[in-house]
Amino acid sequence: MPDVTKNQVLEALAKVRSPDLQSDLVTRGMVSDVFISDSKVYFSITVPADQAKALEPLRLAAEKAVTAVPGVKGALVTLTADRKASSAPQQPPSPQAHGHSHAPAGAQSRGPANVKAGVPGVGAIIAVASGKGGVGKSTTAVNLALGLQANGLRVGILDADIYGPSVPRLLKISGRPEQIDGRLIKPMENYGLKAMSMGFLVDEETAMIWRGPMVQSALLQMLREVAWGDLDVLVVDMPPGTGDAQLTMAQQVPLAGAVIVSTPQDLALIDARKAVTMFRKVEIPLLGIVENMSYFLAPDTGKRYDIFGHGGARAEAERIGVPFLGEVPLTMDIRERSDLGTPIVHAEPDSDVANIYKDIAAKVWAQLSQGARRKAPSIVFE
């Protein structure tokens with residue numbers, strides 16, 4: 001069967017009427033760049049921000065049109081809430097139906113303007129972030145998730161790094177997720193963790209050449225259109241830095257808090273401060289800082305070396321008044337286990353390093369459980 005082409009996709013979308021019924025999505029310029037990988041099609045539809053919810057039938061119609069194209073195995077279609085868009089007629093926003101809050105105890109609402117739609121069944125959503133790449137953030141996120149699980153919690157992990165997803169390799173998961181009822185995606189699972197990542201949807205070598213709005217929309221769809229089931233905690237492995245993707249998660253997802261990962265040296269701490277500043281500006285509680293690669297333990301002698309310096313993250317946490325969660329050493333076991341997709345908390349649950357991660361997880365959960373001291377947003381179901 002011949003490969004699906006962009007022109008075939010656009011021809012199918014040209015048959016979908018725009019909201020004003022005067023033309024089609026393609027003619028009105030509402031369709032983003034079309035990305036095709038492994039016979040799966042990815043694109044977004046630009047609509048006014050205040051009409052995104054009301055125009056969900058439009059997204060479903062576009063998805064149906066594309067999946068009907070011969071050779072298409074599936075489609076990820078998202079609505080991009082572009083406040084400058086004017087393609088659709090103005091309509092009054094649909095009323096919101098409020099449900100039960102699953103935020104940590106004591107969480108308070110920040111008012112209608114700041115209410116963020118949550119994920120049914122998910123208790124608390126926490127972000128694991130860093131100001132830069134290369135500090136072991138994804139390894140920390142996976143082992144933190146397993147540490148929370150080891151402490152008796154039901155846990156999932158969302159890999160929000162669209163351009164460089166690491167969770168599939170770290171959790172040794174391959175294959176493609178299944179769709180439920182033609183819309184919801186069933187998360188992949190290993191070691192008892194439910195997981196979702198763009199790495200499950202495209203080949204590992206595929207370069208994701210997407211503009212910001214499409215990345216933002218894909219992130220929200222991976223969060224809200226996945227059948228997570230009942231979880232106590234959903235850990236979000238954030239992309240490194242403080243760009244559009246990070247702001248999307250911080251501003252549109254009801255995060256109960258954020259964990260910042262840094263190495264001890266000054267250069268890494270400078271970038272970690274940027275992440276701290278970003279979360280504070282959007283009023284996301286800071287659960288604490290982890291000093292990763294805090295020191296090196298020689299595998300033959302057990303001797304300790306402070307390769308990157310030591311104690312910088314602890315000192316920074318004290319300086320800015322943020323809890324210090326712990327020091328994770330740089331060991332051969334962590335590196336080898338990560339490469340093999342067998343995280344150390346799962347593979348060696350009684351080891352010293354695994355106990356460090358579990359202790360960090362316990363401190364994070366304690367922070368969440370004492371949410372009365374913070375202004376964490378309540379989670380509202382729509």
# chains A, B, ... in the order shown; residues from 1 in each chain; ligands from 1
$ residues_around --residues "segment 326-338 of chain A" --least-positions-apart "4" --cutoff "6 Å" --atoms "only C-alpha atoms" --output "PyMOL selection string"
chain A and resi 170+290-297+342-344
$ write_last_selection --atoms "C-alpha atoms" --output "compact mmCIF listing (two decimals), in the first residue's frame"
# COMPACT_ATOMS: atom_id res chain seq x y z
CA LEU A 170 13.47 4.34 30.59
CA VAL A 290 16.46 17.54 44.10
CA GLU A 291 20.23 17.66 43.73
CA ASN A 292 20.95 15.01 41.08
CA MET A 293 24.47 13.71 40.36
CA SER A 294 25.26 15.12 43.78
CA TYR A 295 28.43 13.07 44.09
CA PHE A 296 30.08 10.11 42.35
CA LEU A 297 30.57 6.75 44.03
CA THR A 342 14.95 -1.22 34.33
CA PRO A 343 14.85 1.74 36.76
CA ILE A 344 16.80 1.22 39.93
$ residues_around --residues "Glu63 of chain A" --least-positions-apart "5" --cutoff "12 Å" --atoms "only C-alpha atoms" --output "PyMOL selection string"
chain A and resi 9-10+12-13+15-16+40-45+56-58+68-69+72-79+182-183
$ select_by_dssp --residues "segment 249-336 of chain A" --states "alpha helix (DSSP H)" --output "ChimeraX atom specification"
/A:249-252,266-281,312-320,332-336
$ write_last_selection --atoms "N, CA and C atoms" --output "CSV table (one decimal), in the first residue's frame"
chain,number,residue,atom,x,y,z
A,249,MET,N,1.8,23.7,30.2
A,249,MET,CA,1.5,22.8,31.3
A,249,MET,C,1.2,23.6,32.6
A,250,ALA,N,2.0,24.6,32.8
A,250,ALA,CA,1.9,25.4,34.0
A,250,ALA,C,0.6,26.2,34.1
A,251,GLN,N,0.2,26.7,32.9
A,251,GLN,CA,-1.0,27.6,32.9
A,251,GLN,C,-2.3,26.9,32.7
A,252,GLN,N,-2.3,25.8,32.0
A,252,GLN,CA,-3.6,25.1,31.6
A,252,GLN,C,-3.8,23.8,32.3
A,266,ASP,N,27.2,25.7,39.5
A,266,ASP,CA,26.6,27.0,39.4
A,266,ASP,C,25.8,27.2,38.1
A,267,LEU,N,26.3,26.7,37.0
A,267,LEU,CA,25.7,26.8,35.7
A,267,LEU,C,24.3,26.2,35.7
A,268,ALA,N,24.2,25.0,36.3
A,268,ALA,CA,22.9,24.3,36.3
A,268,ALA,C,22.0,25.0,37.2
A,269,LEU,N,22.5,25.6,38.3
A,269,LEU,CA,21.6,26.3,39.3
A,269,LEU,C,21.1,27.5,38.7
A,270,ILE,N,21.8,28.2,37.9
A,270,ILE,CA,21.3,29.4,37.2
A,270,ILE,C,20.1,29.1,36.4
A,271,ASP,N,20.1,28.0,35.7
A,271,ASP,CA,18.9,27.6,34.9
A,271,ASP,C,17.8,27.1,35.8
A,272,ALA,N,18.2,26.4,36.9
A,272,ALA,CA,17.1,25.9,37.8
A,272,ALA,C,16.4,27.1,38.4
A,273,ARG,N,17.0,28.2,38.7
A,273,ARG,CA,16.4,29.4,39.2
A,273,ARG,C,15.3,29.9,38.2
A,274,LYS,N,15.6,29.8,36.9
A,274,LYS,CA,14.6,30.2,35.9
A,274,LYS,C,13.3,29.4,36.0
A,275,ALA,N,13.5,28.1,36.2
A,275,ALA,CA,12.3,27.2,36.4
A,275,ALA,C,11.6,27.6,37.6
A,276,VAL,N,12.3,27.8,38.7
A,276,VAL,CA,11.6,28.2,39.9
A,276,VAL,C,10.8,29.5,39.7
A,277,THR,N,11.4,30.5,39.1
A,277,THR,CA,10.8,31.8,38.8
A,277,THR,C,9.5,31.6,38.0
A,278,MET,N,9.6,30.7,36.9
A,278,MET,CA,8.4,30.5,36.1
A,278,MET,C,7.3,29.9,36.9
A,279,PHE,N,7.5,28.9,37.7
A,279,PHE,CA,6.4,28.3,38.5
A,279,PHE,C,5.9,29.3,39.5
A,280,ARG,N,6.7,30.1,40.1
A,280,ARG,CA,6.2,31.1,41.0
A,280,ARG,C,5.3,32.1,40.3
A,281,LYS,N,5.7,32.5,39.1
A,281,LYS,CA,4.9,33.5,38.4
A,281,LYS,C,3.5,33.0,38.1
A,312,GLY,N,25.3,22.6,46.2
A,312,GLY,CA,24.8,23.8,45.6
A,312,GLY,C,23.2,23.9,45.6
A,313,ALA,N,22.6,22.8,45.3
A,313,ALA,CA,21.1,22.8,45.2
A,313,ALA,C,20.5,22.9,46.6
A,314,ARG,N,21.1,22.3,47.6
A,314,ARG,CA,20.6,22.5,49.0
A,314,ARG,C,20.7,23.9,49.4
A,315,ALA,N,21.9,24.6,49.2
A,315,ALA,CA,22.1,26.0,49.5
A,315,ALA,C,21.1,26.9,48.8
A,316,GLU,N,20.8,26.5,47.5
A,316,GLU,CA,19.9,27.3,46.7
A,316,GLU,C,18.5,27.2,47.3
A,317,ALA,N,18.1,26.0,47.7
A,317,ALA,CA,16.8,25.7,48.3
A,317,ALA,C,16.6,26.5,49.5
A,318,GLU,N,17.6,26.5,50.4
A,318,GLU,CA,17.6,27.3,51.6
A,318,GLU,C,17.5,28.8,51.3
A,319,ARG,N,18.2,29.3,50.3
A,319,ARG,CA,18.2,30.7,50.0
A,319,ARG,C,16.9,31.2,49.5
A,320,ILE,N,16.1,30.4,48.7
A,320,ILE,CA,14.9,30.9,48.2
A,320,ILE,C,13.7,30.3,49.0
A,332,MET,N,27.1,4.1,38.7
A,332,MET,CA,27.0,3.2,37.5
A,332,MET,C,25.7,2.5,37.4
A,333,ASP,N,25.2,2.1,38.6
A,333,ASP,CA,23.9,1.3,38.6
A,333,ASP,C,22.8,2.2,38.0
A,334,ILE,N,22.7,3.4,38.4
A,334,ILE,CA,21.6,4.3,37.9
A,334,ILE,C,21.7,4.4,36.3
A,335,ARG,N,23.0,4.7,35.9
A,335,ARG,CA,23.2,4.8,34.4
A,335,ARG,C,22.9,3.6,33.7
A,336,GLU,N,23.4,2.4,34.2
A,336,GLU,CA,23.2,1.2,33.5
A,336,GLU,C,21.7,0.8,33.5
$ closest_residue --among "A:Val34, A:Leu234, A:Ile185, A:Leu60" --to "Leu148 of chain A" --atoms "only C-alpha atoms"
A:Leu234
$ atom_distance --atom1 "atom CA of Tyr163 of chain A" --atom2 "atom CA of Gly199 of chain A"
9.1 Å
$ residues_around --residues "Ser166 of chain A" --least-positions-apart "4" --cutoff "9 Å" --atoms "only C-alpha atoms" --output "list in words"
Ser138, Thr139, Asp159, Asp161, Leu170, Leu171, Ser197 and Gly199 of chain A
$ decode --residues "segment 149-170 of chain A" --atoms "N, CA and C atoms" --output "mmCIF file, in the first residue's frame"
data_model
loop_
_atom_site.group_PDB
_atom_site.id
_atom_site.type_symbol
_atom_site.label_atom_id
_atom_site.label_comp_id
_atom_site.auth_asym_id
_atom_site.auth_seq_id
_atom_site.Cartn_x
_atom_site.Cartn_y
_atom_site.Cartn_z
ATOM 1 N N GLN A 149 4.970 4.921 43.991
ATOM 2 C CA GLN A 149 4.268 3.638 43.903
ATOM 3 C C GLN A 149 4.717 2.704 45.033
ATOM 4 N N ALA A 150 6.020 2.697 45.301
ATOM 5 C CA ALA A 150 6.548 1.836 46.369
ATOM 6 C C ALA A 150 5.993 2.235 47.730
ATOM 7 N N ASN A 151 5.578 3.484 47.843
ATOM 8 C CA ASN A 151 4.984 3.963 49.089
ATOM 9 C C ASN A 151 3.485 3.738 49.139
ATOM 10 N N GLY A 152 2.969 2.915 48.190
ATOM 11 C CA GLY A 152 1.580 2.489 48.248
ATOM 12 C C GLY A 152 0.600 3.298 47.436
ATOM 13 N N LEU A 153 1.081 4.132 46.511
ATOM 14 C CA LEU A 153 0.199 4.979 45.721
ATOM 15 C C LEU A 153 0.012 4.440 44.314
ATOM 16 N N ARG A 154 -1.109 4.799 43.700
ATOM 17 C CA ARG A 154 -1.372 4.469 42.296
ATOM 18 C C ARG A 154 -0.843 5.613 41.450
ATOM 19 N N VAL A 155 0.073 5.294 40.538
ATOM 20 C CA VAL A 155 0.852 6.346 39.886
ATOM 21 C C VAL A 155 0.891 6.160 38.367
ATOM 22 N N GLY A 156 0.840 7.273 37.654
ATOM 23 C CA GLY A 156 1.055 7.294 36.212
ATOM 24 C C GLY A 156 2.123 8.315 35.885
ATOM 25 N N ILE A 157 2.648 8.261 34.670
ATOM 26 C CA ILE A 157 3.657 9.227 34.247
ATOM 27 C C ILE A 157 3.364 9.682 32.823
ATOM 28 N N LEU A 158 3.384 10.989 32.624
ATOM 29 C CA LEU A 158 3.184 11.586 31.307
ATOM 30 C C LEU A 158 4.503 12.201 30.857
ATOM 31 N N ASP A 159 4.987 11.748 29.721
ATOM 32 C CA ASP A 159 6.215 12.281 29.133
ATOM 33 C C ASP A 159 5.826 13.489 28.285
ATOM 34 N N ALA A 160 6.051 14.691 28.818
ATOM 35 C CA ALA A 160 5.651 15.912 28.125
ATOM 36 C C ALA A 160 6.741 16.471 27.223
ATOM 37 N N ASP A 161 7.832 15.736 27.083
ATOM 38 C CA ASP A 161 8.917 16.189 26.206
ATOM 39 C C ASP A 161 8.628 15.693 24.790
ATOM 40 N N ILE A 162 7.970 16.523 23.994
ATOM 41 C CA ILE A 162 7.571 16.131 22.643
ATOM 42 C C ILE A 162 8.787 15.865 21.755
ATOM 43 N N TYR A 163 9.790 16.710 21.856
ATOM 44 C CA TYR A 163 10.928 16.626 20.942
ATOM 45 C C TYR A 163 11.936 15.540 21.326
ATOM 46 N N GLY A 164 12.027 15.228 22.600
ATOM 47 C CA GLY A 164 12.992 14.212 23.035
ATOM 48 C C GLY A 164 12.419 13.298 24.091
ATOM 49 N N PRO A 165 11.383 12.527 23.766
ATOM 50 C CA PRO A 165 10.749 11.659 24.777
ATOM 51 C C PRO A 165 11.696 10.567 25.262
ATOM 52 N N SER A 166 11.767 10.405 26.583
ATOM 53 C CA SER A 166 12.685 9.428 27.185
ATOM 54 C C SER A 166 11.977 8.291 27.898
ATOM 55 N N VAL A 167 10.723 8.498 28.269
ATOM 56 C CA VAL A 167 10.017 7.517 29.088
ATOM 57 C C VAL A 167 9.913 6.139 28.436
ATOM 58 N N PRO A 168 9.649 6.028 27.117
ATOM 59 C CA PRO A 168 9.579 4.677 26.532
ATOM 60 C C PRO A 168 10.843 3.856 26.774
ATOM 61 N N ARG A 169 11.995 4.478 26.622
ATOM 62 C CA ARG A 169 13.250 3.754 26.835
ATOM 63 C C ARG A 169 13.494 3.501 28.320
ATOM 64 N N LEU A 170 13.213 4.496 29.160
ATOM 65 C CA LEU A 170 13.469 4.343 30.593
ATOM 66 C C LEU A 170 12.582 3.280 31.229
#
